[in-house]
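S.K.: Next comes structure19.cif, mmCIF, C-alpha atoms:
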```
data_input
#
loop_
_atom_site.label_atom_id
_atom_site.label_comp_id
_atom_site.auth_asym_id
_atom_site.auth_seq_id
_atom_site.Cartn_x
_atom_site.Cartn_y
_atom_site.Cartn_z
CA MET A 2 -16.71 16.18 -33.73
CA VAL A 3 -20.02 15.28 -32.14
CA ILE A 4 -20.46 11.89 -30.54
CA LYS A 5 -24.09 11.00 -30.06
CA ALA A 6 -25.46 8.46 -27.63
CA ASN A 7 -27.07 6.86 -30.64
CA ASP A 8 -23.66 6.36 -32.31
CA ILE A 9 -22.55 4.37 -29.28
CA LYS A 10 -25.75 2.37 -29.37
CA VAL A 11 -25.11 1.49 -33.00
CA LEU A 12 -21.52 0.54 -32.23
CA PHE A 13 -22.70 -1.82 -29.50
CA LYS A 14 -25.28 -3.29 -31.87
CA LEU A 15 -22.66 -3.97 -34.53
CA LEU A 16 -20.33 -5.47 -31.93
CA SER A 17 -22.94 -7.77 -30.47
CA GLU A 18 -23.99 -8.90 -33.96
CA LYS A 19 -20.29 -9.36 -34.82
CA SER A 20 -20.83 -7.14 -37.85
CA ILE A 21 -17.72 -5.29 -36.77
CA SER A 22 -14.57 -6.71 -35.22
CA ARG A 23 -13.49 -5.75 -31.72
CA GLU A 24 -10.37 -4.22 -33.19
CA ASN A 25 -12.33 -2.03 -35.61
CA ALA A 26 -14.60 -0.87 -32.81
CA GLN A 27 -11.53 -0.14 -30.73
CA GLU A 28 -10.09 2.02 -33.52
CA GLN A 29 -13.27 4.06 -33.62
CA ALA A 30 -13.23 4.46 -29.84
CA ILE A 31 -9.62 5.65 -29.97
CA LYS A 32 -10.55 8.22 -32.64
CA ILE A 33 -13.29 9.56 -30.38
CA ARG A 34 -10.91 9.68 -27.44
CA ASP A 35 -8.30 11.48 -29.53
CA ALA A 36 -10.93 14.05 -30.48
CA TYR A 37 -11.53 14.67 -26.79
CA ASP A 38 -7.78 15.04 -26.16
CA ASN A 39 -7.63 17.62 -28.97
CA ARG A 40 -10.59 19.48 -27.44
CA ASN A 41 -12.66 18.69 -30.46
CA LEU A 42 -15.37 16.49 -29.00
CA GLU A 43 -18.91 17.35 -28.11
CA PHE A 44 -21.20 14.90 -26.35
CA TYR A 45 -24.83 14.74 -27.39
CA PRO A 46 -26.96 14.84 -25.37
CA ALA A 47 -24.62 16.58 -22.95
CA VAL A 48 -26.22 14.95 -19.91
CA TYR A 49 -24.94 11.57 -21.18
CA GLU A 50 -21.33 12.74 -21.29
CA ASN A 51 -20.14 10.42 -18.51
CA LYS A 52 -22.16 7.49 -19.76
CA ILE A 53 -20.84 7.90 -23.31
CA TRP A 54 -17.26 8.29 -22.08
CA TYR A 55 -17.48 5.12 -19.98
CA ALA A 56 -18.83 3.24 -23.01
CA ILE A 57 -15.95 4.50 -25.15
CA GLN A 58 -13.45 3.19 -22.62
CA TYR A 59 -15.26 -0.13 -22.51
CA ILE A 60 -15.26 -0.49 -26.31
CA GLU A 61 -11.55 0.29 -26.34
CA LEU A 62 -10.74 -2.31 -23.70
CA PHE A 63 -13.09 -4.91 -25.16
CA ALA A 64 -10.43 -5.73 -27.79
CA GLU A 65 -7.79 -6.38 -25.17
CA LYS A 66 -6.25 -9.87 -25.22
CA VAL A 67 -4.58 -11.92 -22.48
CA GLU A 68 -2.97 -14.30 -24.96
CA VAL A 69 -2.51 -14.32 -28.71
CA ASN A 70 -5.90 -15.92 -29.34
CA THR A 71 -7.76 -15.13 -26.14
CA TYR A 72 -9.69 -11.99 -25.40
CA LEU A 73 -9.91 -10.72 -21.83
CA TYR A 74 -13.62 -10.02 -22.11
CA SER A 75 -16.23 -12.53 -23.21
CA GLU A 76 -19.30 -11.87 -25.32
CA ASN A 77 -21.36 -12.30 -22.16
CA ASP A 78 -19.38 -9.47 -20.61
CA LEU A 79 -20.44 -7.30 -23.53
CA PHE A 80 -24.11 -8.19 -23.15
CA ASN A 81 -23.93 -7.59 -19.41
CA PHE A 82 -22.32 -4.21 -19.94
CA ILE A 83 -24.92 -3.22 -22.50
CA ASN A 84 -27.81 -4.24 -20.25
CA LYS A 85 -26.36 -2.86 -17.06
CA ASN A 86 -25.57 0.51 -18.55
CA GLY A 87 -28.73 0.98 -20.56
CA TRP A 88 -27.29 0.55 -24.05
CA ASP A 89 -29.82 -2.12 -24.96
CA VAL A 90 -30.01 -2.61 -28.67
CA MET B 15 -23.50 12.48 36.56
CA LYS B 16 -23.39 9.14 34.84
CA GLU B 17 -26.72 7.52 34.02
CA PRO B 18 -27.08 3.86 34.94
CA TYR B 19 -27.66 1.39 32.15
CA THR B 20 -27.72 -2.34 31.61
CA THR B 21 -26.16 -4.26 28.77
CA ASN B 22 -27.62 -7.39 27.29
CA VAL B 23 -24.90 -9.77 26.17
CA SER B 24 -26.11 -11.49 23.03
CA GLY B 25 -23.04 -13.51 22.21
CA ARG B 26 -19.49 -14.34 23.07
CA VAL B 27 -16.54 -15.58 21.04
CA ASP B 28 -13.11 -16.71 22.14
CA SER B 29 -10.51 -16.19 19.48
CA ASP B 30 -6.77 -16.40 19.05
CA PRO B 31 -4.82 -13.13 18.89
CA PHE B 32 -5.34 -12.87 15.14
CA GLY B 33 -9.09 -13.36 15.52
CA MET B 34 -9.56 -17.01 14.51
CA MET B 35 -12.50 -18.49 16.41
CA MET B 36 -11.65 -21.23 18.90
CA GLU B 37 -13.52 -24.48 18.41
CA GLY B 38 -16.48 -24.88 20.80
CA ARG B 39 -15.77 -21.68 22.65
CA SER B 40 -18.46 -19.37 21.36
CA TRP B 41 -22.18 -18.91 21.83
CA GLU B 42 -24.80 -16.56 20.51
CA VAL B 43 -28.42 -15.80 21.39
CA GLY B 44 -30.41 -15.93 18.17
CA SER B 45 -28.72 -15.28 14.87
CA GLY B 46 -28.13 -12.49 12.42
CA TYR B 47 -25.63 -10.41 14.39
CA ARG B 48 -22.98 -9.69 11.81
CA TYR B 49 -20.17 -8.12 13.80
CA GLY B 50 -17.28 -9.85 15.53
CA PHE B 51 -13.55 -9.54 16.03
CA ASN B 52 -12.44 -5.90 16.34
CA GLY B 53 -16.10 -4.96 15.93
CA LYS B 54 -15.87 -5.60 12.20
CA GLU B 55 -18.56 -7.03 9.98
CA GLN B 56 -18.33 -10.67 8.92
CA ASP B 57 -19.13 -12.15 5.55
CA ALA B 58 -20.54 -15.39 6.94
CA GLU B 59 -22.63 -16.13 3.86
CA THR B 60 -19.61 -16.71 1.65
CA TYR B 61 -16.93 -17.94 4.03
CA GLY B 62 -18.74 -19.22 7.12
CA ASP B 63 -18.99 -17.73 10.59
CA GLY B 64 -15.99 -15.71 11.73
CA ASN B 65 -13.81 -16.57 8.76
CA ILE B 66 -13.79 -13.26 6.91
CA TYR B 67 -14.07 -9.69 8.15
CA ASP B 68 -14.60 -6.52 6.18
CA TYR B 69 -12.22 -3.83 7.40
CA GLY B 70 -13.39 -1.21 4.96
CA PHE B 71 -10.32 -0.83 2.81
CA ARG B 72 -9.54 -4.55 2.76
CA VAL B 73 -10.92 -7.96 3.62
CA TYR B 74 -9.27 -9.92 6.44
CA ASP B 75 -8.97 -13.68 6.94
CA PRO B 76 -8.33 -14.43 10.66
CA ARG B 77 -7.40 -18.04 9.87
CA LEU B 78 -4.41 -16.78 7.88
CA GLY B 79 -3.86 -13.70 10.02
CA LYS B 80 -3.54 -11.73 6.80
CA PHE B 81 -5.51 -9.46 4.57
CA LEU B 82 -6.44 -10.87 1.19
CA SER B 83 -5.06 -7.94 -0.76
CA ILE B 84 -2.08 -5.63 -0.65
CA ASP B 85 -2.03 -2.71 1.79
CA PRO B 86 -2.78 0.46 -0.21
CA LEU B 87 -0.30 2.25 2.07
CA THR B 88 2.39 -0.39 1.66
CA LYS B 89 4.88 2.12 0.22
CA SER B 90 4.73 4.08 3.46
CA TYR B 91 5.52 0.96 5.49
CA PRO B 92 8.39 -0.79 3.70
CA TRP B 93 9.25 -2.76 6.84
CA TYR B 94 5.92 -4.60 6.76
CA THR B 95 4.73 -7.31 4.41
CA PRO B 96 1.90 -5.78 2.38
CA TYR B 97 -0.59 -8.35 3.70
CA GLN B 98 0.09 -7.84 7.43
CA PHE B 99 -2.65 -7.35 9.98
CA ALA B 100 -2.31 -4.76 12.77
CA GLY B 101 1.43 -4.49 12.22
CA ASN B 102 1.71 -8.19 13.11
CA THR B 103 1.16 -7.13 16.73
CA PRO B 104 -2.46 -8.15 17.32
CA ILE B 105 -2.13 -8.25 21.12
CA TRP B 106 -0.79 -4.74 21.22
CA ALA B 107 -2.65 -3.15 18.33
CA ILE B 108 -5.84 -3.25 16.36
CA ASP B 109 -6.25 -2.62 12.65
CA VAL B 110 -8.60 0.30 12.26
CA ASP B 111 -9.71 0.02 8.66
CA GLY B 112 -7.35 -2.25 6.77
CA LEU B 113 -4.74 0.44 6.28
CA GLU B 114 -2.64 0.79 9.41
CA ASP B 115 -2.20 -0.62 12.87
CA GLN B 116 -3.32 1.44 15.85
CA LYS B 117 -1.51 0.81 19.11
CA THR B 118 -3.70 0.59 22.19
CA ASN B 119 -2.96 0.44 25.95
CA ASN B 120 -1.23 3.82 25.77
CA GLY B 121 1.42 2.26 23.59
CA SER B 122 2.59 -0.19 26.22
CA PRO B 123 3.34 -3.60 24.76
CA SER B 124 3.61 -5.14 28.21
CA GLU B 125 -0.12 -4.83 28.90
CA PRO B 126 -2.46 -7.01 26.88
CA ASN B 127 -5.25 -5.46 24.88
CA THR B 128 -8.36 -4.85 26.91
CA ALA B 129 -11.71 -6.08 25.73
CA ALA B 130 -12.75 -2.50 25.09
CA SER B 131 -9.87 -1.73 22.78
CA ASN B 132 -10.20 -5.05 21.05
CA THR B 133 -13.77 -4.26 20.13
CA SER B 134 -12.65 -0.94 18.74
CA THR B 135 -14.58 1.44 20.91
CA SER B 136 -13.22 4.83 20.01
CA TYR B 137 -14.46 8.19 18.89
CA PHE B 138 -13.72 7.21 15.34
CA ASP B 139 -16.12 4.30 15.65
CA ASP B 140 -18.81 6.57 16.96
CA PRO B 141 -17.94 10.13 16.00
CA MET B 142 -21.62 10.99 15.97
CA SER B 143 -21.48 10.83 19.73
CA VAL B 144 -19.01 13.68 19.69
CA ILE B 145 -21.33 15.82 17.65
CA LEU B 146 -24.64 14.98 19.21
CA ASN B 147 -24.22 14.63 22.92
CA GLN B 148 -20.68 13.77 23.88
CA LYS B 149 -21.56 10.17 24.61
CA PRO B 150 -22.73 7.26 22.48
CA SER B 151 -26.50 7.21 22.19
CA ALA B 152 -29.14 5.27 20.33
CA GLU B 153 -29.50 8.05 17.78
CA SER B 154 -25.80 8.42 17.20
CA SER B 155 -25.45 4.66 16.83
CA ILE B 156 -28.20 4.52 14.23
CA LEU B 157 -26.70 7.38 12.27
CA MET B 158 -23.26 5.85 12.45
CA GLU B 159 -24.58 2.47 11.39
CA ASN B 160 -26.30 4.11 8.47
CA PHE B 161 -23.05 5.78 7.53
CA LYS B 162 -21.05 2.57 7.80
CA THR B 163 -23.43 0.29 5.98
CA ASN B 164 -24.89 2.59 3.37
CA ASN B 165 -22.26 5.31 3.12
CA LYS B 166 -25.12 7.71 3.69
CA LEU B 167 -23.74 10.67 5.46
CA ILE B 168 -27.02 11.81 6.86
CA ASN B 169 -30.38 10.37 6.15
CA TYR B 170 -33.33 10.51 8.48
CA GLY B 171 -35.38 8.28 6.26
CA GLY B 172 -36.40 10.95 3.76
CA THR B 173 -36.64 10.26 0.06
CA GLY B 174 -35.03 13.45 -1.20
CA VAL B 175 -32.55 13.52 -4.07
CA THR B 176 -28.98 12.89 -3.02
CA GLU B 177 -25.60 13.17 -4.64
CA LYS B 178 -22.37 11.30 -4.08
CA ARG B 179 -19.37 13.17 -2.74
CA GLU B 180 -15.99 12.07 -1.54
CA GLY B 181 -14.30 12.71 1.78
CA MET B 182 -11.03 14.52 1.23
CA ILE B 183 -9.29 12.75 4.09
CA THR B 184 -11.07 9.43 4.39
CA GLY B 185 -11.85 8.84 0.72
CA HIS B 186 -15.28 7.58 1.82
CA THR B 187 -18.14 8.09 -0.57
CA TYR B 188 -20.84 10.09 1.09
CA GLU B 189 -24.41 10.30 -0.05
CA VAL B 190 -25.46 13.84 0.66
CA PRO B 191 -28.95 15.33 0.31
CA LYS B 192 -29.05 17.85 -2.52
CA SER B 193 -31.25 20.28 -0.70
CA GLY B 194 -33.02 21.03 2.54
CA PHE B 195 -31.91 21.28 6.09
CA ASP B 196 -30.28 17.83 6.03
CA ARG B 197 -27.73 19.17 3.58
CA TYR B 198 -26.48 21.57 6.22
CA THR B 199 -26.53 18.84 8.82
CA ALA B 200 -24.48 16.75 6.40
CA PHE B 201 -21.92 19.51 6.34
CA ALA B 202 -21.56 19.46 10.13
CA VAL B 203 -21.40 15.69 10.37
CA GLY B 204 -19.02 15.35 7.44
CA PHE B 205 -16.73 17.96 8.88
CA ALA B 206 -16.63 16.08 12.16
CA LEU B 207 -16.07 12.69 10.51
CA GLU B 208 -13.27 13.93 8.33
CA GLY B 209 -11.73 15.89 11.19
CA ILE B 210 -11.88 13.03 13.66
CA TYR B 211 -10.45 10.63 11.14
CA SER B 212 -7.57 12.99 10.36
CA PHE B 213 -6.95 13.34 14.09
CA ASN B 214 -6.84 9.55 14.48
CA LYS B 215 -4.52 9.23 11.52
CA ASN B 216 -2.28 12.13 12.47
CA ILE B 217 -3.13 13.87 9.22
CA ASN B 218 -3.16 17.62 9.36
CA PRO B 219 -6.61 18.54 8.04
CA PHE B 220 -5.49 22.06 7.29
CA TYR B 221 -3.49 21.05 4.26
CA ILE B 222 -6.71 20.57 2.35
CA LEU B 223 -7.95 23.99 3.22
CA PRO B 224 -6.14 26.15 0.64
CA ASN B 225 -8.08 24.44 -2.13
CA SER B 226 -11.33 24.49 -0.26
CA ILE B 227 -10.96 28.09 0.80
CA GLN B 228 -10.26 29.02 -2.79
CA SER B 229 -13.62 27.55 -3.77
CA TYR B 230 -15.27 29.22 -0.85
CA SER B 231 -13.84 32.65 -1.44
CA SER B 232 -14.22 32.67 -5.22
CA GLY B 233 -17.72 31.22 -5.13
CA LYS B 234 -16.70 28.98 -8.05
CA ASP B 235 -16.08 25.28 -8.28
CA LEU B 236 -12.37 24.67 -8.83
CA ILE B 237 -12.92 22.15 -11.59
CA THR B 238 -15.91 23.34 -13.49
CA GLN B 239 -15.56 27.03 -12.67
CA ASN B 240 -19.34 27.02 -12.28
CA GLU B 241 -20.86 29.37 -9.76
CA MET B 242 -21.32 27.66 -6.41
CA SER B 243 -23.97 28.25 -3.83
CA SER B 244 -22.81 29.04 -0.33
CA ALA B 245 -24.00 25.60 0.79
CA GLU B 246 -21.92 24.01 -1.95
CA ALA B 247 -18.85 25.99 -1.03
CA THR B 248 -19.39 25.13 2.61
CA LEU B 249 -19.34 21.43 1.77
CA ASP B 250 -16.06 22.00 -0.04
CA LEU B 251 -14.73 23.73 2.99
CA ALA B 252 -15.83 20.79 5.09
CA GLY B 253 -13.66 18.55 2.98
CA ILE B 254 -16.56 16.74 1.35
CA ILE B 255 -15.84 17.27 -2.27
CA PRO B 256 -17.33 16.17 -5.58
CA ILE B 257 -16.14 12.76 -6.69
CA GLY B 258 -12.98 12.98 -8.77
CA LYS B 259 -11.99 16.45 -7.71
CA PHE B 260 -8.76 15.22 -6.23
CA GLY B 261 -7.00 11.97 -6.91
CA LYS B 262 -6.40 9.16 -4.52
CA ILE B 263 -4.78 5.78 -4.94
CA GLY B 264 -6.27 3.12 -2.73
CA GLY B 265 -6.99 5.50 0.09
CA GLU B 266 -3.79 7.51 -0.12
CA ILE B 267 -4.51 11.13 -0.70
CA VAL B 268 -2.47 12.70 -3.42
CA THR B 269 -2.22 16.42 -3.93
CA MET B 270 -1.36 17.32 -7.44
CA ASN B 271 -1.80 20.97 -8.11
CA LEU B 272 1.61 22.05 -6.91
CA THR B 273 3.68 21.77 -10.06
CA ILE B 274 1.16 22.91 -12.61
CA GLY B 275 2.03 26.33 -13.85
CA SER B 276 -0.32 27.86 -16.38
CA LYS B 277 -4.07 28.08 -16.37
CA SER B 278 -4.35 26.02 -19.56
CA ASP B 279 -2.21 23.32 -17.94
CA LEU B 280 -4.53 23.32 -14.97
CA SER B 281 -7.50 23.05 -17.26
CA LYS B 282 -5.90 20.14 -19.14
CA HIS B 283 -4.99 18.47 -15.87
CA LEU B 284 -8.49 18.75 -14.48
CA GLY B 285 -9.98 17.50 -17.73
CA GLN B 286 -7.75 14.43 -17.58
CA ILE B 287 -8.65 13.80 -13.95
CA GLU B 288 -12.28 13.75 -14.94
CA LYS B 289 -11.92 11.59 -18.02
CA TYR B 290 -8.95 9.34 -17.24
CA GLY B 291 -8.48 9.47 -13.46
CA GLN B 292 -11.69 7.97 -12.12
CA ASP B 293 -9.69 5.56 -9.93
CA GLY B 294 -7.00 8.00 -8.89
CA VAL B 295 -4.18 10.26 -9.96
CA LYS B 296 -0.55 10.04 -9.02
CA GLU B 297 2.08 12.75 -9.32
CA LEU B 298 5.36 11.12 -10.32
CA GLN B 299 8.75 12.27 -9.09
CA ASN B 300 9.73 13.56 -12.52
CA GLY B 301 6.78 15.93 -12.52
CA ARG B 302 4.56 13.81 -14.70
CA PHE B 303 1.03 12.83 -13.78
CA ARG B 304 -0.52 9.43 -14.14
CA TYR B 305 -4.26 8.99 -14.34
CA TYR B 306 -5.88 5.62 -13.59
CA GLY B 307 -9.25 4.68 -15.07
CA ASN B 308 -11.70 2.35 -13.40
CA ILE B 309 -10.96 -1.35 -13.74
CA ILE B 310 -13.60 -2.78 -16.03
CA PRO B 311 -14.29 -6.27 -14.69
CA ALA B 312 -14.07 -9.42 -16.82
CA SER B 313 -16.33 -12.26 -15.76
CA ASN B 314 -14.48 -15.39 -16.81
CA ALA B 315 -10.90 -14.46 -17.50
CA GLY B 316 -9.43 -16.83 -14.92
CA GLU B 317 -6.96 -15.13 -12.68
CA MET B 318 -7.52 -11.73 -14.29
CA GLN B 319 -9.87 -9.27 -12.67
CA GLY B 320 -10.16 -6.92 -15.61
CA ALA B 321 -8.40 -4.10 -17.40
CA ARG B 322 -8.11 -0.35 -17.19
CA LEU B 323 -6.90 2.53 -19.27
CA VAL B 324 -3.96 4.52 -17.91
CA ARG B 325 -2.86 7.93 -19.13
CA GLU B 326 0.43 9.66 -18.40
CA TRP B 327 0.96 13.36 -19.02
CA ASN B 328 4.15 15.39 -18.99
CA PRO B 329 3.18 19.01 -18.26
CA THR B 330 6.62 20.24 -19.39
CA SER B 331 6.56 18.77 -22.89
CA GLY B 332 2.78 18.44 -23.14
CA ASN B 333 3.22 14.84 -24.32
CA THR B 334 0.82 12.09 -23.30
CA ARG B 335 1.10 8.32 -23.34
CA THR B 336 -1.78 5.91 -22.96
CA TRP B 337 -1.76 2.20 -22.24
CA TYR B 338 -3.93 -0.67 -21.08
CA GLU B 339 -3.21 -2.61 -17.90
CA THR B 340 -4.61 -6.04 -17.17
CA ILE B 341 -4.93 -6.62 -13.43
CA ASP B 342 -5.27 -9.89 -11.52
CA HIS B 343 -7.53 -10.49 -8.53
CA SER B 344 -4.85 -9.49 -6.03
CA GLY B 345 -4.42 -6.13 -7.75
CA THR B 346 -1.10 -6.95 -9.45
CA ILE B 347 -0.54 -5.62 -12.96
CA ARG B 348 -0.05 -8.72 -15.11
CA GLN B 349 0.00 -7.18 -18.55
CA PHE B 350 0.97 -3.82 -19.93
CA HIS B 351 -0.11 -2.96 -23.45
CA PRO B 352 1.01 0.47 -24.66
CA LYS B 353 -1.06 2.01 -27.41
CA TYR B 354 2.07 3.66 -28.82
CA ASP B 355 3.57 0.20 -29.29
CA ASN B 356 0.53 -1.62 -30.53
CA LEU B 357 2.22 -4.90 -31.37
CA ASN B 358 3.61 -5.76 -27.97
CA HIS B 359 2.00 -6.96 -24.77
CA TYR B 360 4.42 -6.98 -21.82
CA THR B 361 3.58 -9.63 -19.22
CA PHE B 362 4.39 -9.99 -15.53
CA ASP B 363 4.11 -12.83 -13.01
CA ILE B 364 2.01 -12.87 -9.83
CA HIS B 365 4.77 -10.99 -8.00
CA GLY B 366 4.86 -8.25 -10.62
CA LYS B 367 8.17 -9.52 -12.05
CA TYR B 368 8.65 -9.06 -15.78
CA LYS B 369 8.11 -12.30 -17.71
CA GLY B 370 8.39 -11.31 -21.34
CA LYS B 371 6.37 -10.00 -24.23
CA TRP B 372 4.21 -11.39 -26.96
#
```
Can you turn what I pasted into structure tokens?

M.R.:
Amino acid sequence: MVIKANDIKVLFKLLSEKSISRENAQEQAIKIRDAYDNRNLEFYPAVYENKIWYAIQYIELFAEKVEVNTYLYSENDLFNFINKNGWDV
Amino acid sequence: MKEPYTTNVSGRVDSDPFGMMMEGRSWEVGSGYRYGFNGKEQDAETYGDGNIYDYGFRVYDPRLGKFLSIDPLTKSYPWYTPYQFAGNTPIWAIDVDGLEDQKTNNGSPSEPNTAASNTSTSYFDDPMSVILNQKPSAESSILMENFKTNNKLINYGGTGVTEKREGMITGHTYEVPKSGFDRYTAFAVGFALEGIYSFNKNINPFYILPNSIQSYSSGKDLITQNEMSSAEATLDLAGIIPIGKFGKIGGEIVTMNLTIGSKSDLSKHLGQIEKYGQDGVKELQNGRFRYYGNIIPASNAGEMQGARLVREWNPTSGNTRTWYETIDHSGTIRQFHPKYDNLNHYTFDIHGKYKGKW
């Protein structure tokens, strides 16, 4: 499986537009992480490996809740992360 | 022969044994001097003059006589409260860096701390002096200041490309020039800093050497197996290693390559350190390894600081488990959410005591 920086960009775009739920994005992030665990993941471009991996972890945790109806991270957190880490959409 | 010198006193503060300033008993010429009790830097902008000191590993409030967070070495000192300062013996001891107390006055509790020891003058505070000319000098002070404030191991003001590396003993992040003569100077200074620190902490620096020597002799990086230049290998030997090469939890150094048998296990282990263990790796007593990811901060989640991903690996069975931990501002795990049990969130109170699940 190849994970491209552009795929992550698209995922962030969908998340920020709420075209995809946090939980769905999390599922995709877990699939990517599983591919890494099974030694079946290639990062493209390779120089972005760390950046892509950090984004995957963020997307996974972005669905985390502190109570039944309360997410840990706000939408502002998402925008800040996107801007700070150069995933501007 | 000693050279004569004069000292200009630019300020004076009277404080109680725990460092709280006494009302009306301080003066300063001008403003902007940031250092105070124990020679540590204040955060006057946020908390006011003399109310908060940065000890490196933790932040200290002299009005409470306590650190604001738990001692990363608390498990090694079960007889102390995890928030204690200088072993709760501030007349006898200083706190070097927010980790442990350091007894002064040759260990005699009957003699009060001298001004010199209370302002933390030691070789650890100015190790450059050991390297450069055996006595503190303007140059050594500038270099040391640069190291303390910017974590730049060696920088004479050049604009060359640098890389971040981690001290094997201190856990400090060093910014090391990628090329040029300064890189070699960095090696010498880093070696001295790590060595002096280990001497101060009674850590035997030689226990790190088997790994470093392996890199040096094989000419290959232990993690990536890439060819290493001699300069690179020398930095490894000096104990200044690439970030993430070894795990550490809050300043405690954890060796973890002792129970891993096969080469593929080692490869899997190193891969997990890189991808899951950015904030540290712990070897558990049952032979498992736990890898802690960075805490990703949340801006407005009340008492919660953020969350991180944690991975556990059993080298014997090959099984892994992954979960999310939500951490509060004091570093306590308040929620545990295993991915293998997706429906349940296990919650804990501020003392880490189990509350229930939802």

S.K.: So that each row is one residue of region 47-74 of chain A with an atom at most 12 Å from region 345-349 of chain B, can you give its shortest atom pair and the distance in Å to one decimal, using only C-alpha atoms, rows by chain and rising number, as a tab-separated table?

M.R.:
```
residue	atom	partner	partner_atom	distance
A:Glu65	CA	B:Gln349	CA	10.3
A:Lys66	CA	B:Gln349	CA	9.5
A:Val67	CA	B:Gln349	CA	7.7
A:Glu68	CA	B:Gln349	CA	10.0
A:Leu73	CA	B:Gln349	CA	11.0
```

S.K.: Rounded to one decimal, what separation in Å do you get between CA of Glu50 (chain A) and CA of Tyr72 (chain A)?

M.R.: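 Result for CA of Glu50 (chain A) versus CA of Tyr72 (chain A): 27.6 Å, one decimal.
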
S.K.: Can you translate the PyMOL selection byres ((chain B) within 10 of (chain A)) into the concrete residues it hits in this file, as a PDB file with C-alpha atoms, in the coordinates of the input?

M.R.:
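So part-v2.pdb came out as:
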```pdb
ATOM      1  CA  LYS B 282      -5.900  20.140 -19.140  1.00  0.00           C
ATOM      2  CA  GLY B 285      -9.980  17.500 -17.730  1.00  0.00           C
ATOM      3  CA  GLN B 286      -7.750  14.430 -17.580  1.00  0.00           C
ATOM      4  CA  GLU B 288     -12.280  13.750 -14.940  1.00  0.00           C
ATOM      5  CA  LYS B 289     -11.920  11.590 -18.020  1.00  0.00           C
ATOM      6  CA  TYR B 290      -8.950   9.340 -17.240  1.00  0.00           C
ATOM      7  CA  GLY B 307      -9.250   4.680 -15.070  1.00  0.00           C
ATOM      8  CA  ASN B 308     -11.700   2.350 -13.400  1.00  0.00           C
ATOM      9  CA  ILE B 309     -10.960  -1.350 -13.740  1.00  0.00           C
ATOM     10  CA  ILE B 310     -13.600  -2.780 -16.030  1.00  0.00           C
ATOM     11  CA  PRO B 311     -14.290  -6.270 -14.690  1.00  0.00           C
ATOM     12  CA  ALA B 312     -14.070  -9.420 -16.820  1.00  0.00           C
ATOM     13  CA  SER B 313     -16.330 -12.260 -15.760  1.00  0.00           C
ATOM     14  CA  ASN B 314     -14.480 -15.390 -16.810  1.00  0.00           C
ATOM     15  CA  ALA B 315     -10.900 -14.460 -17.500  1.00  0.00           C
ATOM     16  CA  GLY B 316      -9.430 -16.830 -14.920  1.00  0.00           C
ATOM     17  CA  MET B 318      -7.520 -11.730 -14.290  1.00  0.00           C
ATOM     18  CA  GLN B 319      -9.870  -9.270 -12.670  1.00  0.00           C
ATOM     19  CA  GLY B 320     -10.160  -6.920 -15.610  1.00  0.00           C
ATOM     20  CA  ALA B 321      -8.400  -4.100 -17.400  1.00  0.00           C
ATOM     21  CA  ARG B 322      -8.110  -0.350 -17.190  1.00  0.00           C
ATOM     22  CA  LEU B 323      -6.900   2.530 -19.270  1.00  0.00           C
ATOM     23  CA  THR B 334       0.820  12.090 -23.300  1.00  0.00           C
ATOM     24  CA  TYR B 338      -3.930  -0.670 -21.080  1.00  0.00           C
ATOM     25  CA  GLU B 339      -3.210  -2.610 -17.900  1.00  0.00           C
ATOM     26  CA  THR B 340      -4.610  -6.040 -17.170  1.00  0.00           C
ATOM     27  CA  ARG B 348      -0.050  -8.720 -15.110  1.00  0.00           C
ATOM     28  CA  GLN B 349       0.000  -7.180 -18.550  1.00  0.00           C
ATOM     29  CA  HIS B 351      -0.110  -2.960 -23.450  1.00  0.00           C
ATOM     30  CA  LYS B 353      -1.060   2.010 -27.410  1.00  0.00           C
ATOM     31  CA  HIS B 359       2.000  -6.960 -24.770  1.00  0.00           C
ATOM     32  CA  THR B 361       3.580  -9.630 -19.220  1.00  0.00           C
ATOM     33  CA  TRP B 372       4.210 -11.390 -26.960  1.00  0.00           C
TER      34      TRP B 372
END
```

S.K.: Report, in Å to a single decimal, how far apart CA of Asp63 (chain B) and CA of Phe51 (chain B) are.

M.R.: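 Spanning CA of Phe51 (chain B) to CA of Asp63 (chain B) is a straight-line distance of 11.2 Å.
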
S.K.: Excluding Trp88 (chain A) and residues on its chain fewer than 3 positions from it, collect all residues at most 12 Å away from it, counting all atoms listed in the file, and give them as a PyMOL selection string.

M.R.: chain A and resi 6-14+17+49+52-53+55-56+79-85

S.K.: Have a look at B:Pro31, B:Gly70, B:Gly291, B:Gly366 and name the one nearest to Ile108 (chain B); count only C-alpha atoms.

M.R.: B:Pro31

S.K.: Could you list, as a list of chain:residue names, every residue matched by the PyMOL selection byres ((chain A and resi 44) around 7) in this structure?

M.R.: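 Given this file, the PyMOL selection byres ((chain A and resi 44) around 7) evaluates to A:Val3, A:Ile4, A:Lys5, A:Leu42, A:Glu43, A:Tyr45, A:Pro46, A:Ala47, A:Glu50.
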
S.K.: From the set B:Asn102, B:Asn52, B:Thr336, B:Gln292, which residue has the shortest atom-to-atom contact distance to Asp35 (chain A), counting all atoms listed in the file?

M.R.: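 For Asp35 (chain A), the nearest of the given residues is B:Thr336.
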
S.K.: State, in Å with one decimal place, the distance from CA of Asp111 (chain B) to CA of Phe81 (chain B).

M.R.: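 Value for the CA of Asp111 (chain B)-CA of Phe81 (chain B) distance: 11.1 Å.
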
S.K.: Identify, on the basis of all atoms listed in the file, every residue whose closest approach to Gly50 (chain B) does not exceed 9 Å; exclude the query and any residue fewer than 2 positions from it along the same chain; express the result as a ChimeraX atom specification.

M.R.: /B:27,33,47-48,52-56,64,67,133
